$ cat my_file17.pdb   # PDB, C-alpha atoms and all ligand atoms
ATOM      1  CA  MET A   1       0.000   0.000   0.000  1.00  0.00           C
ATOM      2  CA  GLY A   2       2.554   2.621   1.056  1.00  0.00           C
ATOM      3  CA  TYR A   3       1.771   6.266   1.676  1.00  0.00           C
ATOM      4  CA  PRO A   4      -0.898   8.096  -0.286  1.00  0.00           C
ATOM      5  CA  THR A   5       0.554  10.473  -2.862  1.00  0.00           C
ATOM      6  CA  LEU A   6       0.160  14.087  -1.894  1.00  0.00           C
ATOM      7  CA  ARG A   7      -0.450  16.714  -4.521  1.00  0.00           C
ATOM      8  CA  GLN A   8       0.029  20.395  -4.151  1.00  0.00           C
ATOM      9  CA  THR A   9      -1.511  23.290  -6.003  1.00  0.00           C
ATOM     10  CA  GLU A  10      -1.173  27.011  -5.654  1.00  0.00           C
ATOM     11  CA  VAL A  11      -4.174  29.325  -5.853  1.00  0.00           C
ATOM     12  CA  PHE A  12      -4.121  33.100  -6.183  1.00  0.00           C
ATOM     13  CA  LEU A  13      -7.578  34.290  -5.216  1.00  0.00           C
ATOM     14  CA  ALA A  14      -9.449  36.348  -7.803  1.00  0.00           C
ATOM     15  CA  VAL A  15     -11.496  39.246  -6.437  1.00  0.00           C
ATOM     16  CA  PRO A  16     -14.793  37.349  -5.840  1.00  0.00           C
ATOM     17  CA  ALA A  17     -12.928  34.580  -3.986  1.00  0.00           C
ATOM     18  CA  LEU A  18     -10.870  37.141  -2.084  1.00  0.00           C
ATOM     19  CA  GLU A  19     -13.994  38.903  -0.836  1.00  0.00           C
ATOM     20  CA  ARG A  20     -15.480  35.605   0.237  1.00  0.00           C
ATOM     21  CA  TRP A  21     -12.223  34.728   1.986  1.00  0.00           C
ATOM     22  CA  ARG A  22     -12.171  38.033   3.902  1.00  0.00           C
ATOM     23  CA  LYS A  23     -15.759  37.586   5.021  1.00  0.00           C
ATOM     24  CA  GLU A  24     -15.967  33.922   5.973  1.00  0.00           C
ATOM     25  CA  HIS A  25     -12.552  32.277   5.567  1.00  0.00           C
ATOM     26  CA  SER A  26     -13.807  29.830   3.036  1.00  0.00           C
ATOM     27  CA  LEU A  27     -13.080  28.899  -0.553  1.00  0.00           C
ATOM     28  CA  ALA A  28     -15.303  27.753  -3.382  1.00  0.00           C
ATOM     29  CA  PHE A  29     -15.030  23.955  -3.553  1.00  0.00           C
ATOM     30  CA  PRO A  30     -16.385  21.484  -6.098  1.00  0.00           C
ATOM     31  CA  GLN A  31     -19.265  19.591  -4.498  1.00  0.00           C
ATOM     32  CA  GLU A  32     -17.458  16.264  -4.398  1.00  0.00           C
ATOM     33  CA  CYS A  33     -15.236  14.471  -1.876  1.00  0.00           C
ATOM     34  CA  CYS A  34     -11.717  15.981  -1.783  1.00  0.00           C
ATOM     35  CA  VAL A  35     -10.198  12.473  -1.646  1.00  0.00           C
ATOM     36  CA  CYS A  36     -12.282  10.332  -4.034  1.00  0.00           C
ATOM     37  CA  LEU A  37     -14.733  12.725  -5.790  1.00  0.00           C
ATOM     38  CA  ARG A  38     -17.755  10.773  -4.540  1.00  0.00           C
ATOM     39  CA  ALA A  39     -20.947  12.454  -3.267  1.00  0.00           C
ATOM     40  CA  VAL A  40     -20.488  14.872  -0.339  1.00  0.00           C
ATOM     41  CA  GLN A  41     -21.737  13.901   3.118  1.00  0.00           C
ATOM     42  CA  ARG A  42     -19.719  16.120   5.466  1.00  0.00           C
ATOM     43  CA  TRP A  43     -17.966  19.474   5.365  1.00  0.00           C
ATOM     44  CA  LEU A  44     -14.894  19.618   7.587  1.00  0.00           C
ATOM     45  CA  PRO A  45     -12.559  22.375   8.795  1.00  0.00           C
ATOM     46  CA  VAL A  46      -8.790  22.721   8.373  1.00  0.00           C
ATOM     47  CA  HIS A  47      -6.756  23.875  11.369  1.00  0.00           C
ATOM     48  CA  ALA A  48      -3.228  25.259  11.536  1.00  0.00           C
ATOM     49  CA  PRO A  49      -0.579  22.839  12.881  1.00  0.00           C
ATOM     50  CA  PRO A  50      -0.513  22.788  16.725  1.00  0.00           C
ATOM     51  CA  GLY A  51       1.348  25.749  18.230  1.00  0.00           C
ATOM     52  CA  TRP A  52       4.221  25.672  20.711  1.00  0.00           C
ATOM     53  CA  LEU A  53       4.248  22.249  22.439  1.00  0.00           C
ATOM     54  CA  GLY A  54       0.658  21.865  21.324  1.00  0.00           C
ATOM     55  CA  LEU A  55      -0.476  24.135  24.160  1.00  0.00           C
ATOM     56  CA  LEU A  56      -1.863  26.919  22.021  1.00  0.00           C
ATOM     57  CA  ARG A  57      -5.316  26.650  20.605  1.00  0.00           C
ATOM     58  CA  ARG A  58      -5.152  25.563  17.002  1.00  0.00           C
ATOM     59  CA  GLU A  59      -6.285  28.264  14.664  1.00  0.00           C
ATOM     60  CA  ARG A  60      -9.062  27.389  12.236  1.00  0.00           C
ATOM     61  CA  LEU A  61      -7.787  28.192   8.755  1.00  0.00           C
ATOM     62  CA  LEU A  62     -10.635  27.146   6.580  1.00  0.00           C
ATOM     63  CA  ASP A  63     -14.169  25.778   6.722  1.00  0.00           C
ATOM     64  CA  GLY A  64     -16.340  23.625   4.566  1.00  0.00           C
ATOM     65  CA  VAL A  65     -14.031  21.125   2.848  1.00  0.00           C
ATOM     66  CA  PRO A  66     -16.274  18.483   1.224  1.00  0.00           C
ATOM     67  CA  HIS A  67     -15.874  14.784   2.144  1.00  0.00           C
ATOM     68  CA  CYS A  68     -17.768  11.591   1.412  1.00  0.00           C
ATOM     69  CA  GLU A  69     -19.063   9.306   4.153  1.00  0.00           C
ATOM     70  CA  GLU A  70     -15.926   7.163   4.233  1.00  0.00           C
ATOM     71  CA  HIS A  71     -13.337   9.944   4.186  1.00  0.00           C
ATOM     72  CA  GLY A  72     -15.287  12.296   6.453  1.00  0.00           C
ATOM     73  CA  ARG A  73     -15.183  10.223   9.653  1.00  0.00           C
ATOM     74  CA  GLN A  74     -12.565  12.395  11.346  1.00  0.00           C
ATOM     75  CA  GLU A  75     -13.119  15.899  12.653  1.00  0.00           C
ATOM     76  CA  GLU A  76     -10.397  17.332  10.444  1.00  0.00           C
ATOM     77  CA  ALA A  77     -10.388  17.820   6.678  1.00  0.00           C
ATOM     78  CA  ARG A  78      -8.038  15.694   4.605  1.00  0.00           C
ATOM     79  CA  LEU A  79      -6.476  18.763   3.134  1.00  0.00           C
ATOM     80  CA  LEU A  80      -3.548  20.918   4.225  1.00  0.00           C
ATOM     81  CA  VAL A  81      -3.664  24.639   3.699  1.00  0.00           C
ATOM     82  CA  GLN A  82      -1.072  27.351   3.859  1.00  0.00           C
ATOM     83  CA  VAL A  83      -2.233  30.946   3.512  1.00  0.00           C
ATOM     84  CA  ASN A  84       0.098  33.764   2.519  1.00  0.00           C
ATOM     85  CA  SER A  85      -1.283  37.264   2.279  1.00  0.00           C
ATOM     86  CA  TRP A  86       1.128  39.226   0.124  1.00  0.00           C
ATOM     87  CA  SER A  87      -0.910  42.413   0.227  1.00  0.00           C
ATOM     88  CA  GLU A  88      -4.501  43.580   0.642  1.00  0.00           C
ATOM     89  CA  TRP A  89      -5.250  42.295  -2.872  1.00  0.00           C
ATOM     90  CA  VAL A  90      -2.901  39.342  -3.244  1.00  0.00           C
ATOM     91  CA  CYS A  91      -3.629  36.165  -1.312  1.00  0.00           C
ATOM     92  CA  GLN A  92      -1.743  33.012  -2.215  1.00  0.00           C
ATOM     93  CA  ILE A  93      -3.085  29.737  -0.899  1.00  0.00           C
ATOM     94  CA  ALA A  94      -1.185  26.468  -1.130  1.00  0.00           C
ATOM     95  CA  LEU A  95      -3.475  23.429  -1.019  1.00  0.00           C
ATOM     96  CA  ILE A  96      -2.062  19.999  -0.360  1.00  0.00           C
ATOM     97  CA  GLY A  97      -4.378  17.060  -0.826  1.00  0.00           C
ATOM     98  CA  MET A  98      -4.759  13.595  -2.269  1.00  0.00           C
ATOM     99  CA  ASN A  99      -6.783  14.202  -5.405  1.00  0.00           C
ATOM    100  CA  GLU A 100      -5.254  16.265  -8.171  1.00  0.00           C
ATOM    101  CA  ALA A 101      -8.533  16.749 -10.085  1.00  0.00           C
ATOM    102  CA  PHE A 102     -10.147  18.146  -6.929  1.00  0.00           C
ATOM    103  CA  LEU A 103      -7.250  20.549  -6.380  1.00  0.00           C
ATOM    104  CA  LEU A 104      -7.289  21.780  -9.970  1.00  0.00           C
ATOM    105  CA  ARG A 105     -11.061  22.320  -9.918  1.00  0.00           C
ATOM    106  CA  THR A 106     -10.719  24.231  -6.649  1.00  0.00           C
ATOM    107  CA  ARG A 107      -8.068  26.423  -8.204  1.00  0.00           C
ATOM    108  CA  GLU A 108     -10.239  27.109 -11.217  1.00  0.00           C
ATOM    109  CA  LEU A 109     -13.243  28.038  -9.055  1.00  0.00           C
ATOM    110  CA  ASN A 110     -11.250  30.495  -6.951  1.00  0.00           C
ATOM    111  CA  GLN A 111      -9.357  32.079  -9.806  1.00  0.00           C
ATOM    112  CA  THR A 112     -12.541  33.005 -11.669  1.00  0.00           C
ATOM    113  CA  GLY A 113     -13.219  36.720 -12.078  1.00  0.00           C
ATOM    114  CA  ASP A 114     -10.990  39.777 -11.918  1.00  0.00           C
ATOM    115  CA  MET A 115      -7.450  39.698 -10.619  1.00  0.00           C
ATOM    116  CA  ALA A 116      -6.675  43.027  -8.976  1.00  0.00           C
ATOM    117  CA  PRO A 117      -4.464  45.248 -11.178  1.00  0.00           C
ATOM    118  CA  PRO A 118      -0.746  45.735 -10.443  1.00  0.00           C
ATOM    119  CA  TRP A 119      -1.237  49.154  -8.786  1.00  0.00           C
ATOM    120  CA  LYS A 120      -3.611  47.577  -6.246  1.00  0.00           C
ATOM    121  CA  ALA A 121      -1.704  44.315  -5.855  1.00  0.00           C
ATOM    122  CA  PHE A 122       1.624  46.033  -5.151  1.00  0.00           C
ATOM    123  CA  PRO A 123       0.745  49.637  -4.306  1.00  0.00           C
ATOM    124  CA  GLY A 124       4.372  50.566  -3.599  1.00  0.00           C
ATOM    125  CA  TYR A 125       5.495  49.742  -7.149  1.00  0.00           C
ATOM    126  CA  GLY A 126       5.209  52.120 -10.123  1.00  0.00           C
ATOM    127  CA  PRO A 127       5.073  50.776 -13.701  1.00  0.00           C
ATOM    128  CA  VAL A 128       8.874  50.745 -14.073  1.00  0.00           C
ATOM    129  CA  SER A 129       9.725  49.634 -10.516  1.00  0.00           C
ATOM    130  CA  SER A 130      12.541  47.113 -10.153  1.00  0.00           C
ATOM    131  CA  GLY A 131      10.115  45.209  -7.886  1.00  0.00           C
ATOM    132  CA  TRP A 132       8.581  43.682 -11.048  1.00  0.00           C
ATOM    133  CA  ARG A 133      11.897  42.055 -11.901  1.00  0.00           C
ATOM    134  CA  GLN A 134      12.497  40.226  -8.622  1.00  0.00           C
ATOM    135  CA  GLY A 135      10.820  38.368  -5.761  1.00  0.00           C
ATOM    136  CA  ASN A 136       7.059  38.341  -5.237  1.00  0.00           C
ATOM    137  CA  GLY A 137       6.427  41.164  -7.707  1.00  0.00           C
ATOM    138  CA  GLU A 138       8.099  39.309 -10.555  1.00  0.00           C
ATOM    139  CA  TYR A 139       6.432  36.014  -9.682  1.00  0.00           C
ATOM    140  CA  TRP A 140       2.970  37.544  -9.448  1.00  0.00           C
ATOM    141  CA  LEU A 141       3.320  39.557 -12.655  1.00  0.00           C
ATOM    142  CA  ALA A 142       4.635  36.622 -14.679  1.00  0.00           C
ATOM    143  CA  HIS A 143       2.423  33.830 -13.353  1.00  0.00           C
ATOM    144  CA  VAL A 144      -0.768  35.437 -12.104  1.00  0.00           C
ATOM    145  CA  TRP A 145      -1.392  38.769 -13.763  1.00  0.00           C
ATOM    146  CA  SER A 146      -0.051  37.956 -17.250  1.00  0.00           C
ATOM    147  CA  SER A 147      -2.061  34.780 -17.658  1.00  0.00           C
ATOM    148  CA  PHE A 148      -5.199  36.540 -16.370  1.00  0.00           C
ATOM    149  CA  TRP A 149      -4.690  39.442 -18.775  1.00  0.00           C
ATOM    150  CA  GLN A 150      -3.930  37.252 -21.778  1.00  0.00           C
ATOM    151  CA  ARG A 151      -7.134  35.294 -21.268  1.00  0.00           C
ATOM    152  CA  LEU A 152      -9.206  38.493 -21.160  1.00  0.00           C
ATOM    153  CA  PRO A 153     -10.855  39.304 -24.539  1.00  0.00           C
ATOM    154  CA  PRO A 154     -10.052  42.845 -25.803  1.00  0.00           C
ATOM    155  CA  ALA A 155     -13.601  44.113 -25.203  1.00  0.00           C
ATOM    156  CA  GLU A 156     -13.409  43.011 -21.585  1.00  0.00           C
ATOM    157  CA  ARG A 157     -10.029  44.643 -21.127  1.00  0.00           C
ATOM    158  CA  GLN A 158     -11.685  48.001 -21.662  1.00  0.00           C
ATOM    159  CA  GLN A 159     -14.376  47.231 -19.099  1.00  0.00           C
ATOM    160  CA  TYR A 160     -11.675  46.086 -16.717  1.00  0.00           C
ATOM    161  CA  ALA A 161      -9.791  49.392 -17.108  1.00  0.00           C
ATOM    162  CA  HIS A 162     -13.069  51.149 -16.456  1.00  0.00           C
ATOM    163  CA  ARG A 163     -13.734  49.181 -13.266  1.00  0.00           C
ATOM    164  CA  TRP A 164     -10.245  49.663 -11.854  1.00  0.00           C
ATOM    165  CA  THR A 165      -9.431  53.188 -13.123  1.00  0.00           C
ATOM    166  CA  PRO A 166      -5.634  53.208 -13.513  1.00  0.00           C
ATOM    167  CA  PRO A 167      -3.690  56.026 -11.847  1.00  0.00           C
ATOM    168  CA  THR A 168      -2.144  58.461 -14.379  1.00  0.00           C
ATOM    169  CA  GLU A 169       1.269  56.808 -14.324  1.00  0.00           C
ATOM    170  CA  TRP A 170      -0.300  53.454 -15.241  1.00  0.00           C
ATOM    171  CA  LEU A 171      -2.447  54.705 -18.131  1.00  0.00           C
ATOM    172  CA  SER A 172       0.096  54.207 -20.919  1.00  0.00           C
ATOM    173  CA  TRP A 173       1.171  50.879 -19.403  1.00  0.00           C
ATOM    174  CA  MET A 174      -2.399  49.638 -19.695  1.00  0.00           C
TER
HETATM  175 ZN    ZN B 201     -14.162  10.183  -0.385  1.00  0.00          ZN
END

$ encode --input "my_file17.pdb" --output "structure tokens" --more "lines below"
Ligand SMILES: [Zn+2]
Amino acid sequence: MGYPTLRQTEVFLAVPALERWRKEHSLAFPQECCVCLRAVQRWLPVHAPPGWLGLLRRERLLDGVPHCEEHGRQEEARLLVQVNSWSEWVCQIALIGMNEAFLLRTRELNQTGDMAPPWKAFPGYGPVSSGWRQGNGEYWLAHVWSSFWQRLPPAERQQYAHRWTPPTEWLSWM
């Protein structure tokens, strides 16, 4: 038998998912068991690893992870979660679980909708900042923003610019 294979996926929350996250610390999940994709019977929470010597109360990271009857017998979800808030508008969530299809569907559901524009995501960076060529700024621009923007049809790009009104220095960049 051996150990179950763990899969990891990285999710950058789009604006609708981010607002949901701020309000209720939950994500959009497919309505199927996170281990075997069977029908959902229980929704379980994910807690942070125990604190110092296990004496601190374990923080609840996430609610509502779907499980079937068989995999939902414990009190804890069969999913590990790591949350990194990079800024007010950038939240990266690493999900570690046993079913790759479930993880990919979860990513898709939570990356649907607008990604915040660069001037909101990294408010300290102007359009020519060196921050876009290193570290988190570079990673976000290359992997999150660019793929979001490239998928956006030209007509929707205009609506996007209208919704997010770029500051003067970003106008020509847009
Ligand atoms: Zn199951």

$ residues_near_ligand --input "my_file17.pdb" --ligand "ligand ZN 201 (chain B)" --cutoff "7 Å" --atoms "only C-alpha atoms and all ligand atoms" --output "PyMOL selection string"
chain A and resi 33-38+67-71

$ residues_near_point --input "my_file17.pdb" --point "(-16.0, 29.7, -1.2)" --cutoff "12 Å" --atoms "only C-alpha atoms" --output "PyMOL selection string"
chain A and resi 13-31+62-66+106-112

$ residues_around --input "my_file17.pdb" --residues "region 141-153 of chain A" --least-positions-apart "2" --cutoff "9 Å" --atoms "all atoms listed in the file" --output "list of chain:residue names"
A:Phe12, A:Gln111, A:Asp114, A:Met115, A:Ala116, A:Pro117, A:Pro118, A:Trp132, A:Arg133, A:Asn136, A:Gly137, A:Glu138, A:Tyr139, A:Ala155, A:Glu156, A:Arg157

$ residues_around --input "my_file17.pdb" --residues "region 82-84 of chain A" --least-positions-apart "4" --cutoff "6 Å" --atoms "all atoms listed in the file" --output "VMD selection string"
chain A and resid 91 to 94

$ atom_distance --input "my_file17.pdb" --atom1 "CA of Gly97 (chain A)" --atom2 "CA of Leu6 (chain A)"
5.5 Å

$ atom_distance --input "my_file17.pdb" --atom1 "CA of Pro167 (chain A)" --atom2 "CA of Val128 (chain A)"
13.8 Å

$ resolve_selection --input "my_file17.pdb" --expression "the PyMOL selection byres (((chain A and resi 127) around 9) and not hetatm)" --output "JSON list (two decimals) with C-alpha atoms, in the frame of the given file"
[["chain", "number", "residue", "atom", "x", "y", "z"],
["A", 118, "PRO", "CA", -0.75, 45.74, -10.44],
["A", 119, "TRP", "CA", -1.24, 49.15, -8.79],
["A", 125, "TYR", "CA", 5.50, 49.74, -7.15],
["A", 126, "GLY", "CA", 5.21, 52.12, -10.12],
["A", 128, "VAL", "CA", 8.87, 50.74, -14.07],
["A", 129, "SER", "CA", 9.72, 49.63, -10.52],
["A", 132, "TRP", "CA", 8.58, 43.68, -11.05],
["A", 169, "GLU", "CA", 1.27, 56.81, -14.32],
["A", 170, "TRP", "CA", -0.30, 53.45, -15.24],
["A", 173, "TRP", "CA", 1.17, 50.88, -19.40]]

$ closest_residue --input "my_file17.pdb" --among "A:Leu171, A:Ala48, A:Leu104, A:Ala77" --to "Gln8 (chain A)" --atoms "all atoms listed in the file"
A:Leu104

$ axis_aligned_box --input "my_file17.pdb" --around "region 72-88 of chain A" --padding-each-side "5 Å" --output "JSON"
{"center_x": -7.1, "center_y": 26.9, "center_z": 6.4, "size_x": 26.4, "size_y": 43.4, "size_z": 22.5}

$ atom_distance --input "my_file17.pdb" --atom1 "CA of Thr168 (chain A)" --atom2 "CA of Pro154 (chain A)"
20.9 Å

$ residues_around --input "my_file17.pdb" --residues "Glu59 (chain A)" --least-positions-apart "3" --cutoff "10 Å" --atoms "all atoms listed in the file" --output "JSON, numbers by chain"
{"A": [46, 47, 48, 49, 50, 51, 56, 62]}

$ closest_residue --input "my_file17.pdb" --among "A:Trp86, A:Trp164, A:Trp43, A:Phe102" --to "Ala121 (chain A)" --atoms "all atoms listed in the file"
A:Trp86

$ closest_residue --input "my_file17.pdb" --among "A:Thr5, A:Ser172, A:Gln74, A:Ser87" --to "Pro123 (chain A)" --atoms "all atoms listed in the file"
A:Ser87

$ resolve_selection --input "my_file17.pdb" --expression "the PyMOL selection byres (((chain A and resi 9) around 7) and not hetatm)" --output "PDB file with C-alpha atoms, in the coordinates of the input"
ATOM      1  CA  ARG A   7      -0.450  16.714  -4.521  1.00  0.00           C
ATOM      2  CA  GLN A   8       0.029  20.395  -4.151  1.00  0.00           C
ATOM      3  CA  GLU A  10      -1.173  27.011  -5.654  1.00  0.00           C
ATOM      4  CA  VAL A  11      -4.174  29.325  -5.853  1.00  0.00           C
ATOM      5  CA  ALA A  94      -1.185  26.468  -1.130  1.00  0.00           C
ATOM      6  CA  LEU A  95      -3.475  23.429  -1.019  1.00  0.00           C
ATOM      7  CA  ILE A  96      -2.062  19.999  -0.360  1.00  0.00           C
ATOM      8  CA  LEU A 103      -7.250  20.549  -6.380  1.00  0.00           C
TER       9      LEU A 103
END

$ closest_residue --input "my_file17.pdb" --among "A:Gln41, A:Arg78, A:Phe122, A:Ser85" --to "Asn99 (chain A)" --atoms "all atoms listed in the file"
A:Arg78

$ decode --input "my_file17.pdb" --residues "region 81-96 of chain A" --atoms "N, CA and C atoms" --output "PDB file, in the first residue's frame"
ATOM      1  N   VAL A  81      -3.529  23.312   4.278  1.00  0.00           N
ATOM      2  CA  VAL A  81      -3.664  24.639   3.699  1.00  0.00           C
ATOM      3  C   VAL A  81      -2.618  25.558   4.274  1.00  0.00           C
ATOM      4  N   GLN A  82      -2.001  26.335   3.394  1.00  0.00           N
ATOM      5  CA  GLN A  82      -1.072  27.351   3.859  1.00  0.00           C
ATOM      6  C   GLN A  82      -1.487  28.669   3.220  1.00  0.00           C
ATOM      7  N   VAL A  83      -1.725  29.675   4.029  1.00  0.00           N
ATOM      8  CA  VAL A  83      -2.233  30.946   3.512  1.00  0.00           C
ATOM      9  C   VAL A  83      -1.156  32.014   3.612  1.00  0.00           C
ATOM     10  N   ASN A  84      -0.857  32.658   2.510  1.00  0.00           N
ATOM     11  CA  ASN A  84       0.098  33.764   2.519  1.00  0.00           C
ATOM     12  C   ASN A  84      -0.546  34.998   1.926  1.00  0.00           C
ATOM     13  N   SER A  85      -0.761  36.004   2.786  1.00  0.00           N
ATOM     14  CA  SER A  85      -1.283  37.264   2.279  1.00  0.00           C
ATOM     15  C   SER A  85      -0.114  38.140   1.881  1.00  0.00           C
ATOM     16  N   TRP A  86       0.003  38.415   0.591  1.00  0.00           N
ATOM     17  CA  TRP A  86       1.128  39.226   0.124  1.00  0.00           C
ATOM     18  C   TRP A  86       0.801  40.708   0.214  1.00  0.00           C
ATOM     19  N   SER A  87      -0.469  41.021   0.103  1.00  0.00           N
ATOM     20  CA  SER A  87      -0.910  42.413   0.227  1.00  0.00           C
ATOM     21  C   SER A  87      -2.418  42.361   0.404  1.00  0.00           C
ATOM     22  N   GLU A  88      -3.051  43.542   0.480  1.00  0.00           N
ATOM     23  CA  GLU A  88      -4.501  43.580   0.642  1.00  0.00           C
ATOM     24  C   GLU A  88      -5.201  42.840  -0.504  1.00  0.00           C
ATOM     25  N   TRP A  89      -4.586  42.855  -1.698  1.00  0.00           N
ATOM     26  CA  TRP A  89      -5.250  42.295  -2.872  1.00  0.00           C
ATOM     27  C   TRP A  89      -4.610  41.020  -3.394  1.00  0.00           C
ATOM     28  N   VAL A  90      -3.547  40.570  -2.766  1.00  0.00           N
ATOM     29  CA  VAL A  90      -2.901  39.342  -3.244  1.00  0.00           C
ATOM     30  C   VAL A  90      -2.874  38.311  -2.118  1.00  0.00           C
ATOM     31  N   CYS A  91      -3.620  37.245  -2.293  1.00  0.00           N
ATOM     32  CA  CYS A  91      -3.629  36.165  -1.312  1.00  0.00           C
ATOM     33  C   CYS A  91      -3.291  34.867  -2.033  1.00  0.00           C
ATOM     34  N   GLN A  92      -2.185  34.264  -1.612  1.00  0.00           N
ATOM     35  CA  GLN A  92      -1.743  33.012  -2.215  1.00  0.00           C
ATOM     36  C   GLN A  92      -2.076  31.887  -1.245  1.00  0.00           C
ATOM     37  N   ILE A  93      -2.717  30.866  -1.752  1.00  0.00           N
ATOM     38  CA  ILE A  93      -3.085  29.737  -0.899  1.00  0.00           C
ATOM     39  C   ILE A  93      -2.503  28.451  -1.492  1.00  0.00           C
ATOM     40  N   ALA A  94      -1.705  27.765  -0.695  1.00  0.00           N
ATOM     41  CA  ALA A  94      -1.185  26.468  -1.130  1.00  0.00           C
ATOM     42  C   ALA A  94      -2.108  25.396  -0.566  1.00  0.00           C
ATOM     43  N   LEU A  95      -2.596  24.530  -1.439  1.00  0.00           N
ATOM     44  CA  LEU A  95      -3.475  23.429  -1.019  1.00  0.00           C
ATOM     45  C   LEU A  95      -2.751  22.123  -1.256  1.00  0.00           C
ATOM     46  N   ILE A  96      -2.704  21.300  -0.223  1.00  0.00           N
ATOM     47  CA  ILE A  96      -2.062  19.999  -0.360  1.00  0.00           C
ATOM     48  C   ILE A  96      -3.104  18.936  -0.048  1.00  0.00           C
TER      49      ILE A  96
END
